[in-house]
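This is structure.txt. It holds compact mmCIF, C-alpha atoms.
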# COMPACT_ATOMS: atom_id res chain seq x y z
CA MET K 1 -150.23 -56.68 80.38
CA LYS K 2 -150.26 -53.11 81.66
CA ARG K 3 -146.93 -51.26 81.66
CA LEU K 4 -145.76 -48.28 83.64
CA LEU K 5 -142.12 -47.26 83.33
CA ILE K 6 -140.29 -44.47 85.10
CA ALA K 7 -137.92 -41.90 83.61
CA ALA K 8 -134.56 -43.42 84.53
CA PHE K 9 -135.07 -46.47 82.34
CA LEU K 10 -136.18 -44.41 79.36
CA VAL K 11 -133.32 -41.97 79.38
CA VAL K 12 -130.86 -44.84 79.31
CA ALA K 13 -132.73 -46.31 76.39
CA GLY K 14 -132.31 -43.03 74.52
CA ILE K 15 -135.94 -42.75 73.46
CA SER K 16 -136.56 -39.46 71.65
CA TYR K 17 -139.43 -37.99 69.65
CA PRO K 18 -138.19 -34.67 68.24
CA PHE K 19 -140.73 -31.94 67.54
CA GLU K 20 -141.17 -30.20 64.25
CA ILE K 21 -141.81 -26.47 64.73
CA VAL K 22 -143.88 -24.59 62.16
CA ILE K 23 -144.45 -20.83 62.28
CA ASP K 24 -148.15 -20.49 61.53
CA ARG K 25 -148.90 -16.85 62.20
CA GLY K 26 -146.99 -13.60 62.66
CA VAL K 27 -147.28 -9.88 62.04
CA ASP K 28 -144.95 -7.12 60.97
CA THR K 29 -145.91 -4.83 63.86
CA LEU K 30 -143.63 -6.64 66.33
CA ALA K 31 -140.66 -4.66 67.62
CA PRO K 32 -137.70 -5.13 65.25
CA ILE K 33 -134.56 -6.27 67.06
CA ALA K 34 -131.13 -7.50 66.02
CA ILE K 35 -129.50 -10.49 67.68
CA VAL K 36 -126.03 -10.02 66.27
CA PRO K 37 -124.14 -13.34 65.98
CA PHE K 38 -122.15 -13.72 69.18
CA ARG K 39 -118.37 -13.78 68.84
CA ILE K 40 -117.34 -17.39 69.45
CA TYR K 41 -113.97 -18.14 70.97
CA GLU K 42 -112.09 -21.43 70.80
CA ASN K 43 -113.90 -24.44 72.30
CA ALA K 44 -117.10 -22.43 72.81
CA ILE K 45 -120.50 -23.12 71.23
CA ASP K 46 -122.63 -20.66 69.29
CA ILE K 47 -125.87 -19.94 71.20
CA THR K 48 -127.10 -17.18 68.86
CA PRO K 49 -129.64 -19.33 66.95
CA ILE K 50 -131.30 -20.42 70.21
CA VAL K 51 -131.51 -16.85 71.56
CA ASN K 52 -132.89 -15.71 68.22
CA SER K 53 -135.53 -18.44 68.20
CA ASP K 54 -136.50 -17.78 71.83
CA LEU K 55 -137.13 -14.08 71.28
CA SER K 56 -138.96 -14.74 68.00
CA SER K 57 -141.36 -17.10 69.77
CA SER K 58 -142.27 -14.58 72.48
CA GLY K 59 -144.74 -12.69 70.34
CA GLN K 60 -143.02 -9.41 71.23
CA PHE K 61 -140.13 -9.10 68.79
CA ARG K 62 -139.18 -9.62 65.17
CA PRO K 63 -135.45 -10.37 64.85
CA ILE K 64 -133.97 -9.14 61.59
CA ASP K 65 -132.05 -11.52 59.35
CA GLU K 66 -128.28 -11.59 59.70
CA ALA K 67 -127.97 -11.13 55.93
CA ASN K 68 -129.54 -7.68 56.28
CA MET K 69 -127.20 -6.47 59.03
CA LEU K 70 -124.81 -3.73 57.94
CA SER K 71 -122.25 -4.56 60.62
CA LEU K 72 -121.58 -7.34 63.14
CA PRO K 73 -120.43 -5.77 66.42
CA SER K 74 -119.76 -7.92 69.48
CA SER K 75 -119.70 -5.11 72.06
CA ALA K 76 -121.51 -1.83 72.65
CA GLU K 77 -118.38 0.11 71.78
CA GLU K 78 -118.48 -1.31 68.27
CA VAL K 79 -122.13 -0.42 67.62
CA GLN K 80 -122.71 2.19 64.90
CA TYR K 81 -126.19 3.49 65.69
CA HIS K 82 -126.73 4.82 62.19
CA ASP K 83 -126.46 1.28 60.79
CA TRP K 84 -129.33 0.09 62.95
CA ARG K 85 -131.53 3.16 62.46
CA VAL K 86 -131.35 2.57 58.71
CA LEU K 87 -132.80 -0.89 59.34
CA GLY K 88 -135.47 0.47 61.69
CA THR K 89 -134.12 -1.59 64.60
CA ASP K 90 -135.29 -0.77 68.12
CA TYR K 91 -132.85 -2.96 70.07
CA VAL K 92 -129.51 -4.60 69.38
CA VAL K 93 -128.11 -7.55 71.35
CA VAL K 94 -124.37 -8.18 71.10
CA GLY K 95 -122.06 -10.54 72.94
CA SER K 96 -119.50 -13.30 72.97
CA VAL K 97 -119.20 -16.89 74.18
CA PHE K 98 -116.07 -18.49 75.62
CA VAL K 99 -114.86 -21.15 78.06
CA ASP K 100 -113.28 -19.71 81.21
CA GLY K 101 -110.36 -21.00 83.26
CA LEU K 102 -112.65 -23.20 85.34
CA GLY K 103 -114.01 -24.94 82.26
CA LEU K 104 -117.40 -23.18 82.41
CA LEU K 105 -119.21 -21.94 79.34
CA VAL K 106 -119.64 -18.15 79.60
CA ALA K 107 -121.87 -15.83 77.59
CA GLU K 108 -121.31 -12.09 77.93
CA PHE K 109 -123.96 -9.88 76.38
CA GLU K 110 -125.24 -6.32 76.15
CA VAL K 111 -128.74 -5.13 75.33
CA ILE K 112 -128.73 -1.77 73.56
CA ASP K 113 -131.58 0.68 72.97
CA VAL K 114 -130.92 2.11 69.53
CA ASN K 115 -133.26 5.09 69.86
CA GLN K 116 -131.85 6.14 73.23
CA GLU K 117 -128.29 5.14 72.28
CA GLN K 118 -127.74 3.49 75.63
CA VAL K 119 -127.00 0.07 77.09
CA LEU K 120 -130.06 -1.22 78.91
CA GLN K 121 -128.25 -4.14 80.45
CA SER K 122 -124.91 -5.89 80.33
CA GLY K 123 -124.38 -9.20 81.99
CA GLN K 124 -122.71 -12.57 82.07
CA VAL K 125 -124.26 -16.04 82.27
CA LYS K 126 -122.20 -19.07 83.25
CA GLY K 127 -123.10 -22.72 82.90
CA HIS K 128 -121.87 -26.20 82.13
CA VAL K 129 -120.03 -26.46 78.84
CA GLU K 130 -122.03 -29.55 77.90
CA ASP K 131 -125.33 -27.69 78.36
CA PRO K 132 -125.29 -24.69 76.01
CA ARG K 133 -129.08 -24.77 75.58
CA SER K 134 -129.73 -23.90 79.24
CA LEU K 135 -127.17 -21.12 78.97
CA ALA K 136 -128.86 -19.75 75.85
CA HIS K 137 -132.34 -19.86 77.42
CA HIS K 138 -131.05 -17.96 80.46
CA VAL K 139 -129.50 -15.30 78.23
CA SER K 140 -132.84 -15.00 76.44
CA ASP K 141 -134.63 -14.60 79.79
CA GLU K 142 -132.35 -11.70 80.76
CA VAL K 143 -132.53 -10.04 77.34
CA PHE K 144 -136.33 -10.28 77.39
CA ARG K 145 -136.46 -8.76 80.87
CA ALA K 146 -134.17 -5.89 79.84
CA MET K 147 -136.39 -4.99 76.88
CA THR K 148 -139.83 -5.52 78.46
CA GLY K 149 -139.46 -5.36 82.23
CA ILE K 150 -141.04 -8.84 82.36
CA SER K 151 -139.15 -11.99 83.33
CA GLY K 152 -138.54 -14.32 80.41
CA ALA K 153 -139.92 -17.85 80.51
CA PHE K 154 -137.52 -19.52 78.10
CA SER K 155 -135.88 -21.58 80.86
CA THR K 156 -139.19 -23.18 81.79
CA ARG K 157 -140.40 -26.61 80.69
CA VAL K 158 -143.64 -28.17 79.53
CA ALA K 159 -145.25 -31.52 80.24
CA TYR K 160 -147.56 -33.25 77.78
CA VAL K 161 -148.78 -36.67 76.73
CA LEU K 162 -147.66 -38.38 73.53
CA VAL K 163 -150.10 -40.99 72.22
CA GLU K 164 -148.65 -43.49 69.77
CA ASN K 165 -150.60 -45.99 67.68
CA ARG K 166 -153.93 -44.49 68.74
CA THR K 167 -156.89 -46.93 68.64
CA GLN K 168 -154.57 -49.86 67.92
CA VAL K 169 -153.77 -52.89 70.06
CA ASP K 170 -150.31 -51.56 70.91
CA GLU K 171 -151.47 -48.01 71.77
CA ARG K 172 -148.94 -46.33 74.04
CA HIS K 173 -149.18 -43.22 76.24
CA THR K 174 -146.01 -41.40 77.29
CA LEU K 175 -145.84 -38.52 79.75
CA MET K 176 -143.12 -36.22 78.43
CA VAL K 177 -141.21 -33.26 79.82
CA ALA K 178 -139.37 -30.91 77.45
CA ASP K 179 -138.05 -27.39 77.06
CA PHE K 180 -140.78 -24.86 76.29
CA ASP K 181 -139.91 -25.13 72.58
CA GLY K 182 -140.16 -28.93 72.51
CA GLU K 183 -136.41 -29.57 72.61
CA ARG K 184 -134.72 -32.00 75.00
CA GLU K 185 -137.74 -34.25 75.36
CA THR K 186 -137.56 -36.66 78.28
CA PRO K 187 -140.15 -39.43 78.73
CA VAL K 188 -140.96 -39.73 82.44
CA LEU K 189 -143.74 -42.31 82.33
CA ILE K 190 -144.99 -44.89 79.82
CA SER K 191 -148.24 -46.85 79.93
CA ASP K 192 -150.51 -48.76 77.59
CA GLN K 193 -153.41 -47.04 79.41
CA PRO K 194 -154.38 -43.34 79.14
CA ILE K 195 -152.43 -40.68 81.03
CA LEU K 196 -154.29 -37.40 81.48
CA SER K 197 -154.19 -33.97 83.12
CA PRO K 198 -150.51 -33.47 84.07
CA ALA K 199 -150.16 -30.63 86.58
CA TRP K 200 -146.97 -29.09 87.97
CA SER K 201 -146.24 -28.45 91.62
CA SER K 202 -145.30 -24.86 92.43
CA ASP K 203 -141.62 -25.78 92.86
CA GLY K 204 -141.51 -27.70 89.57
CA LYS K 205 -140.29 -30.88 91.24
CA GLN K 206 -143.49 -32.93 90.96
CA LEU K 207 -146.21 -33.71 88.46
CA ALA K 208 -149.69 -34.82 89.40
CA TYR K 209 -151.49 -36.82 86.74
CA VAL K 210 -154.40 -39.17 86.11
CA SER K 211 -153.68 -42.79 85.23
CA PHE K 212 -155.93 -45.71 84.25
CA GLU K 213 -153.38 -48.40 85.12
CA ALA K 214 -155.71 -50.01 87.65
CA GLY K 215 -158.57 -50.15 85.17
CA SER K 216 -160.20 -46.94 86.38
CA SER K 217 -159.05 -43.38 86.93
CA ALA K 218 -156.64 -42.65 89.78
CA ILE K 219 -154.56 -39.59 90.68
CA HIS K 220 -150.83 -39.97 91.23
CA ILE K 221 -147.95 -37.65 92.10
CA LEU K 222 -144.64 -38.24 90.30
CA ASN K 223 -141.41 -36.99 91.84
CA LEU K 224 -139.33 -35.86 88.86
CA GLU K 225 -136.05 -36.05 90.80
CA THR K 226 -136.42 -39.63 92.06
CA GLY K 227 -138.86 -41.07 89.50
CA GLN K 228 -141.06 -42.36 92.33
CA SER K 229 -144.84 -42.23 91.86
CA ARG K 230 -147.27 -41.94 94.78
CA LEU K 231 -150.96 -42.85 94.63
CA LEU K 232 -153.00 -39.90 95.89
CA ALA K 233 -156.66 -40.69 95.12
CA ASN K 234 -158.23 -43.94 93.97
CA PHE K 235 -161.82 -43.73 95.16
CA GLU K 236 -164.74 -45.49 93.55
CA GLY K 237 -165.92 -43.54 90.54
CA ILE K 238 -164.14 -40.53 89.02
CA ASN K 239 -160.74 -39.33 90.20
CA SER K 240 -159.59 -36.58 87.85
CA ALA K 241 -158.29 -33.07 87.08
CA PRO K 242 -155.63 -32.55 89.80
CA ALA K 243 -154.30 -29.03 90.41
CA PHE K 244 -151.62 -28.04 92.95
CA SER K 245 -152.30 -25.04 95.19
CA PRO K 246 -149.86 -22.12 94.83
CA ASP K 247 -148.00 -23.14 97.99
CA GLY K 248 -148.00 -26.83 97.03
CA SER K 249 -149.72 -27.92 100.25
CA HIS K 250 -153.03 -28.97 98.69
CA ILE K 251 -154.32 -30.44 95.47
CA ALA K 252 -157.76 -29.66 94.08
CA MET K 253 -159.39 -32.51 92.19
CA VAL K 254 -162.67 -33.94 90.94
CA LEU K 255 -164.19 -36.91 92.74
CA SER K 256 -167.54 -38.66 92.37
CA ARG K 257 -167.18 -40.81 95.48
CA ASP K 258 -170.19 -39.14 97.12
CA GLY K 259 -172.44 -39.03 94.05
CA ASN K 260 -172.08 -36.48 91.25
CA PRO K 261 -168.63 -35.19 90.25
CA ASP K 262 -167.69 -32.35 92.60
CA ILE K 263 -164.60 -30.35 93.51
CA TYR K 264 -162.54 -31.53 96.49
CA THR K 265 -159.20 -30.57 97.99
CA ILE K 266 -156.70 -32.89 99.63
CA GLU K 267 -153.85 -31.91 101.90
CA VAL K 268 -150.78 -33.53 100.34
CA ALA K 269 -148.98 -34.25 103.62
CA SER K 270 -151.92 -35.69 105.59
CA ASN K 271 -154.31 -36.91 102.85
CA VAL K 272 -157.14 -35.02 104.59
CA ILE K 273 -159.93 -34.47 102.05
CA ARG K 274 -162.43 -31.61 102.03
CA ARG K 275 -165.45 -31.23 99.79
CA ILE K 276 -165.65 -27.79 98.14
CA THR K 277 -168.74 -28.01 95.90
CA ASN K 278 -171.93 -29.96 96.41
CA HIS K 279 -174.31 -29.76 93.47
CA ARG K 280 -176.38 -32.14 91.38
CA ALA K 281 -174.60 -30.85 88.23
CA ILE K 282 -171.11 -31.83 87.05
CA ASP K 283 -168.37 -29.67 88.58
CA THR K 284 -164.93 -30.26 87.09
CA GLU K 285 -161.57 -28.82 85.92
CA PRO K 286 -160.57 -26.82 89.02
CA VAL K 287 -157.63 -24.41 89.02
CA TRP K 288 -156.36 -22.24 91.88
CA GLU K 289 -156.20 -18.50 91.91
CA LEU K 290 -152.71 -17.36 92.84
CA ASN K 291 -153.69 -16.19 96.32
CA GLY K 292 -154.89 -19.72 97.13
CA GLU K 293 -158.23 -18.36 98.36
CA SER K 294 -160.44 -19.39 95.46
CA LEU K 295 -160.79 -21.94 92.68
CA LEU K 296 -162.09 -21.48 89.16
CA PHE K 297 -163.88 -24.50 87.73
CA THR K 298 -166.26 -25.69 85.02
CA SER K 299 -169.87 -26.57 85.77
CA ASP K 300 -173.05 -27.20 83.82
CA ARG K 301 -175.24 -26.18 86.78
CA GLY K 302 -176.65 -23.32 84.68
CA GLY K 303 -177.69 -25.59 81.83
CA SER K 304 -174.46 -25.44 79.81
CA PRO K 305 -170.74 -25.64 80.64
CA GLN K 306 -169.61 -22.31 82.13
CA VAL K 307 -166.75 -21.07 84.32
CA TYR K 308 -167.46 -20.49 88.00
CA ARG K 309 -165.47 -19.35 91.02
CA VAL K 310 -165.65 -20.78 94.54
CA ASN K 311 -164.06 -19.42 97.70
CA VAL K 312 -162.42 -22.36 99.48
CA ASP K 313 -163.28 -20.99 102.94
CA SER K 314 -166.82 -19.69 102.55
CA LEU K 315 -167.66 -22.11 99.69
CA ARG K 316 -169.53 -19.24 98.00
CA VAL K 317 -169.91 -19.84 94.25
CA THR K 318 -170.22 -17.13 91.57
CA ARG K 319 -170.54 -17.47 87.81
CA LEU K 320 -167.85 -15.82 85.67
CA THR K 321 -168.79 -16.50 82.03
CA PHE K 322 -172.04 -15.69 80.27
CA GLU K 323 -171.08 -15.32 76.59
CA GLY K 324 -172.03 -18.37 74.54
CA THR K 325 -173.17 -21.87 75.44
CA TYR K 326 -169.76 -23.43 76.16
CA ASN K 327 -166.94 -22.02 78.31
CA ALA K 328 -164.65 -24.48 80.08
CA ARG K 329 -161.15 -25.48 81.26
CA PRO K 330 -160.17 -22.16 82.92
CA ARG K 331 -156.53 -21.35 83.61
CA VAL K 332 -155.63 -18.32 85.75
CA MET K 333 -153.11 -15.85 84.35
CA PRO K 334 -150.07 -14.87 86.45
CA ASP K 335 -151.54 -11.41 87.11
CA ASN K 336 -154.44 -13.17 88.93
CA THR K 337 -156.90 -10.77 87.27
CA HIS K 338 -157.41 -12.62 83.96
CA PHE K 339 -157.92 -16.20 82.84
CA ILE K 340 -157.90 -18.20 79.62
CA PHE K 341 -160.45 -20.88 78.78
CA VAL K 342 -162.01 -22.93 76.00
CA HIS K 343 -164.83 -21.04 74.29
CA ARG K 344 -167.20 -22.34 71.64
CA SER K 345 -168.08 -19.92 68.88
CA GLY K 346 -169.76 -20.40 65.51
CA THR K 347 -166.53 -21.68 63.97
CA GLY K 348 -165.56 -24.23 66.61
CA PHE K 349 -163.75 -24.42 69.94
CA HIS K 350 -161.14 -21.73 70.55
CA ILE K 351 -158.98 -20.47 73.40
CA ALA K 352 -160.25 -17.17 74.78
CA TRP K 353 -159.02 -14.62 77.33
CA ARG K 354 -160.94 -12.37 79.69
CA ASP K 355 -160.71 -10.64 83.07
CA ILE K 356 -162.00 -12.45 86.15
CA GLU K 357 -164.23 -9.61 87.27
CA GLY K 358 -166.06 -9.55 83.93
CA ASN K 359 -165.28 -5.96 83.01
CA ARG K 360 -164.34 -6.82 79.42
CA ALA K 361 -165.69 -9.11 76.74
CA ALA K 362 -163.80 -12.31 75.96
CA ARG K 363 -161.06 -12.08 73.33
CA ILE K 364 -160.41 -15.07 71.05
CA LEU K 365 -156.72 -16.03 70.91
CA SER K 366 -156.65 -19.19 68.77
CA SER K 367 -157.88 -19.81 65.25
CA ASN K 368 -158.32 -23.57 64.85
CA VAL K 369 -161.48 -25.66 65.10
CA LEU K 370 -160.86 -28.03 68.02
CA ASP K 371 -158.66 -26.15 70.51
CA GLU K 372 -158.50 -27.43 74.09
CA SER K 373 -156.39 -27.86 77.24
CA PRO K 374 -154.86 -24.37 77.50
CA SER K 375 -151.85 -23.72 79.74
CA VAL K 376 -150.12 -20.39 80.29
CA ALA K 377 -146.43 -19.52 80.71
CA PRO K 378 -145.49 -18.25 84.20
CA ASN K 379 -144.84 -14.74 82.85
CA GLY K 380 -148.24 -14.57 81.16
CA VAL K 381 -146.82 -13.71 77.74
CA MET K 382 -147.40 -17.02 75.93
CA MET K 383 -149.82 -19.90 76.22
CA MET K 384 -149.89 -23.46 74.92
CA TYR K 385 -152.86 -25.61 73.97
CA SER K 386 -153.64 -28.81 72.12
CA THR K 387 -155.47 -28.84 68.80
CA LYS K 388 -155.92 -30.91 65.66
CA SER K 389 -154.16 -30.68 62.31
CA ASN K 390 -154.86 -33.22 59.57
CA ARG K 391 -156.65 -35.36 62.19
CA LYS K 392 -153.52 -35.43 64.33
CA GLY K 393 -153.10 -34.05 67.83
CA ILE K 394 -150.51 -31.26 67.97
CA LEU K 395 -149.52 -28.47 70.33
CA SER K 396 -149.77 -24.80 69.50
CA ILE K 397 -147.99 -21.94 71.24
CA VAL K 398 -149.57 -18.51 70.82
CA SER K 399 -148.74 -15.12 72.28
CA VAL K 400 -151.46 -13.80 74.56
CA SER K 401 -151.46 -10.76 72.30
CA GLY K 402 -152.63 -13.19 69.60
CA GLU K 403 -150.01 -12.00 67.14
CA VAL K 404 -147.65 -14.97 66.88
CA GLU K 405 -148.42 -18.69 66.76
CA TYR K 406 -146.21 -21.76 66.49
CA LYS K 407 -147.30 -25.33 65.94
CA LEU K 408 -145.34 -28.21 67.47
CA THR K 409 -145.95 -31.57 65.89
CA SER K 410 -144.41 -34.95 66.64
CA PRO K 411 -143.81 -37.57 63.95
CA ALA K 412 -144.32 -40.24 66.62
CA GLY K 413 -148.01 -39.63 67.28
CA ASP K 414 -150.62 -37.34 68.79
CA VAL K 415 -149.55 -34.73 71.34
CA ILE K 416 -152.15 -33.73 73.94
CA GLU K 417 -152.68 -32.35 77.46
CA PRO K 418 -149.93 -29.69 77.71
CA ALA K 419 -148.96 -28.16 81.05
CA TRP K 420 -146.50 -25.26 81.28
CA SER K 421 -144.16 -25.37 84.27
CA PRO K 422 -143.62 -22.61 86.84
CA TYR K 423 -140.25 -20.90 86.98
CA LEU K 424 -137.65 -23.57 87.74
CA PRO K 425 -134.33 -23.59 89.61
CA LEU K 426 -131.63 -22.68 87.11
CA THR K 427 -128.47 -24.64 86.38
CA THR K 428 -126.80 -21.43 85.17
CA THR K 429 -125.84 -18.25 87.01
CA PHE K 430 -126.29 -14.62 85.94
CA VAL K 431 -124.20 -11.65 87.02
CA GLU K 432 -125.23 -8.15 86.00
CA ARG K 433 -122.30 -5.97 85.03

As structure tokens, what does this structure read like?
Amino acid sequence: MKRLLIAAFLVVAGISYPFEIVIDRGVDTLAPIAIVPFRIYENAIDITPIVNSDLSSSGQFRPIDEANMLSLPSSAEEVQYHDWRVLGTDYVVVGSVFVDGLGLLVAEFEVIDVNQEQVLQSGQVKGHVEDPRSLAHHVSDEVFRAMTGISGAFSTRVAYVLVENRTQVDERHTLMVADFDGERETPVLISDQPILSPAWSSDGKQLAYVSFEAGSSAIHILNLETGQSRLLANFEGINSAPAFSPDGSHIAMVLSRDGNPDIYTIEVASNVIRRITNHRAIDTEPVWELNGESLLFTSDRGGSPQVYRVNVDSLRVTRLTFEGTYNARPRVMPDNTHFIFVHRSGTGFHIAWRDIEGNRAARILSSNVLDESPSVAPNGVMMMYSTKSNRKGILSIVSVSGEVEYKLTSPAGDVIEPAWSPYLPLTTTFVER
């Protein structure tokens, strides 16, 4: 019998499949920084390890080991710049954590430029005392912004599918949502049939996905706040690859209801469907550009899978990729001038990066053999994709610079189909001082 369970039941049951994180690649050219252990006051919780891990994973910084620190200041006034110059440190982060009179967990921090001998930012983040991880991620976001001028994405989440007992009678598919680093996993949907192509709404409150519960593919929208799932498309033939528009009003998808698989859009509120492509080839894997005016998609209309662009008003189609015989699954970068995609080279399938206008050659970002399903962080600094390791599906997070890579594996089964969330409403508050 087919099963489909919603999040509320699973959280109560306490189901958890913790990730194992393995640093696979890194370089010594990253900016050296020091996250000095925060001073912890009574009843507070140390968030330093989480902040340290966040900034390490960004592909921008190389935190130095606490054992090598010559001093442990907790405020800018206590910083001896000579100590940090000896260690070659560019930035120092100091702070403290305490519980205030209202019972809130508070982290005060300062970001210091060692070379300029000045405080770049000082601030305070407040949150629930029982949720130190959200507080730590928010601190990391602000520290990252102070040092780079780019918003951090450590408070975002990722969706993915966990497949247990693959190819067995009791095979199970679970749609998961977790922190960007795989912590705080929450199963939001379970089925004994495949779940594919999770896609976030622009406000982070909904996930579109493909389910085979009815025996064939159908597209649903899951409300993450209520746990209610709504059937969006269940036409005869293929219903696949949903993608929310930037304003959340439409979803692009692939349907074969009129013949070959083509790109369609549907207005979420009215269910009005519009056909965007009309070709005898297979058109699939649409994704919106950030202005909502065009879609990138995969098509074999030129004889091999390549990335194309279609204007949703004029329906004019242009080809974007020409290097190699396989380029697919495009994902637009937050700058709306670049995209990542799956590229086949002589050594296998890799994730590549290039500009939309074709002014530069593609750059390979991943180094495995069967890399697929790329998804990019909302700040454009990191991306996530699924790959294989020892015949097992895992997730890999790599900096777009290509310099740092982490592998996330689950002991429970294969992990596939990652989707990085947009920026989400925060449960913590930040005050700049």

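With all atoms listed in the file as the basis for measurement, K:Phe154 is the residue among K:Ala241, K:Val114, K:Ala362, K:Phe154 that approaches K:Ser53 most closely.
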
Atom CA of K:Gln193 and atom CA of K:Phe235 are how many Å apart?
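Computing it gives 18.2 Å between the two atoms.
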
Pick out the residues sitting within 12 Å of stretch 277-286 of chain K, and hand them over as JSON, numbers by chain; count all atoms listed in the file, and ignore anything fewer than 5 positions along from it in its own chain.
{"K": [197, 199, 238, 239, 240, 241, 242, 243, 244, 245, 251, 252, 253, 254, 255, 256, 257, 258, 259, 260, 261, 262, 263, 264, 265, 294, 295, 296, 297, 298, 299, 300, 301, 302, 303, 304, 305, 306, 307, 308, 309, 310, 311, 312, 313, 314, 315, 316, 317, 318, 327, 328, 329, 330, 331, 332, 341, 342, 373, 374]}

Quote the spacing between atom CA of K:Glu403 and atom CA of K:Ser57 in Å to one decimal place.
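These atoms are spaced 10.4 Å apart.
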
Report as CSV the residues of stretch 320-378 of chain K within 10 Å of stretch 415-431 of chain K, each with its shortest atom pair and distance in Å (one decimal), using all atoms listed in the file, ordered by chain and increasing residue number.
residue,atom,partner,partner_atom,distance
K:Glu372,CA,K:Glu417,CA,8.3
K:Ser373,CA,K:Glu417,CA,5.8
K:Pro374,CA,K:Pro418,CA,7.3
K:Ser375,CA,K:Ala419,CA,5.5
K:Val376,CA,K:Trp420,CA,6.1
K:Ala377,CA,K:Trp420,CA,5.8
K:Pro378,CA,K:Pro422,CA,5.4

Find the residues near K:Val163: any atom within 7 Å, counting only C-alpha atoms, skip ones fewer than 2 places away on the same chain, and give them as a ChimeraX atom specification.
/K:161,165-166,172-174,413-415

Please save C-alpha atoms of the selected residues as an mmCIF file, in the coordinates of the input.
data_model
loop_
_atom_site.group_PDB
_atom_site.id
_atom_site.type_symbol
_atom_site.label_atom_id
_atom_site.label_comp_id
_atom_site.auth_asym_id
_atom_site.auth_seq_id
_atom_site.Cartn_x
_atom_site.Cartn_y
_atom_site.Cartn_z
ATOM 1 C CA VAL K 161 -148.780 -36.670 76.730
ATOM 2 C CA ASN K 165 -150.600 -45.990 67.680
ATOM 3 C CA ARG K 166 -153.930 -44.490 68.740
ATOM 4 C CA ARG K 172 -148.940 -46.330 74.040
ATOM 5 C CA HIS K 173 -149.180 -43.220 76.240
ATOM 6 C CA THR K 174 -146.010 -41.400 77.290
ATOM 7 C CA GLY K 413 -148.010 -39.630 67.280
ATOM 8 C CA ASP K 414 -150.620 -37.340 68.790
ATOM 9 C CA VAL K 415 -149.550 -34.730 71.340
#

Please provide as a compact mmCIF listing (two decimals) with C-alpha atoms, in the frame of the given file all residues within 8 Å of K:Pro194, with the sequence filter that same-chain residues fewer than 6 positions apart are discarded (counting only C-alpha atoms).
# COMPACT_ATOMS: atom_id res chain seq x y z
CA HIS K 173 -149.18 -43.22 76.24
CA SER K 211 -153.68 -42.79 85.23
CA PHE K 212 -155.93 -45.71 84.25
CA GLU K 213 -153.38 -48.40 85.12

When distances are computed from all atoms listed in the file, which of K:Thr409, K:Ser75, K:Thr148, K:Ser134 shows the smallest separation from K:Val381?
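The shortest atom-to-atom distance to K:Val381 comes from K:Thr148.
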
Quick one: distance from atom CA of K:His82 to atom CA of K:Asn68 in Å, one decimal?
14.1 Å

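Ranking K:Ser389, K:Ser56, K:Ile50, K:Gly227 by their shortest atom-to-atom distance to K:Leu30, with all atoms listed in the file included, puts K:Ser56 first.
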
Here is a test: counting all atoms listed in the file, which residue of K:Leu104, K:Phe339, K:Val158, K:Ser396 is nearest to K:Glu130?
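Residue with the minimum atom-to-atom distance to K:Glu130: K:Leu104.
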
Show me, as a PyMOL selection string, the residues that have an atom within 9 Å of K:Asp335 when counting all atoms listed in the file, minus same-chain residues fewer than 6 positions from it.
chain K and resi 290+379-380

Pick out the closest residue to K:Gly292 from this set: K:Ser366, K:Thr321, K:Ser399, K:Asn336. Count all atoms listed in the file.
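Using all atoms listed in the file, K:Gly292 sits closest to K:Asn336.
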
Surrounding residues of K:Leu395 excluding itself and chain neighbours under 6 positions, 6 Å, only C-alpha atoms, as a list in words:
Tyr385, Ser386, Lys407 and Leu408 of chain K

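Take the candidates K:Gln124, K:Trp84, K:Ala44, K:Glu66 and check each one against K:Gly103 using all atoms listed in the file; the shortest distance goes to K:Ala44.
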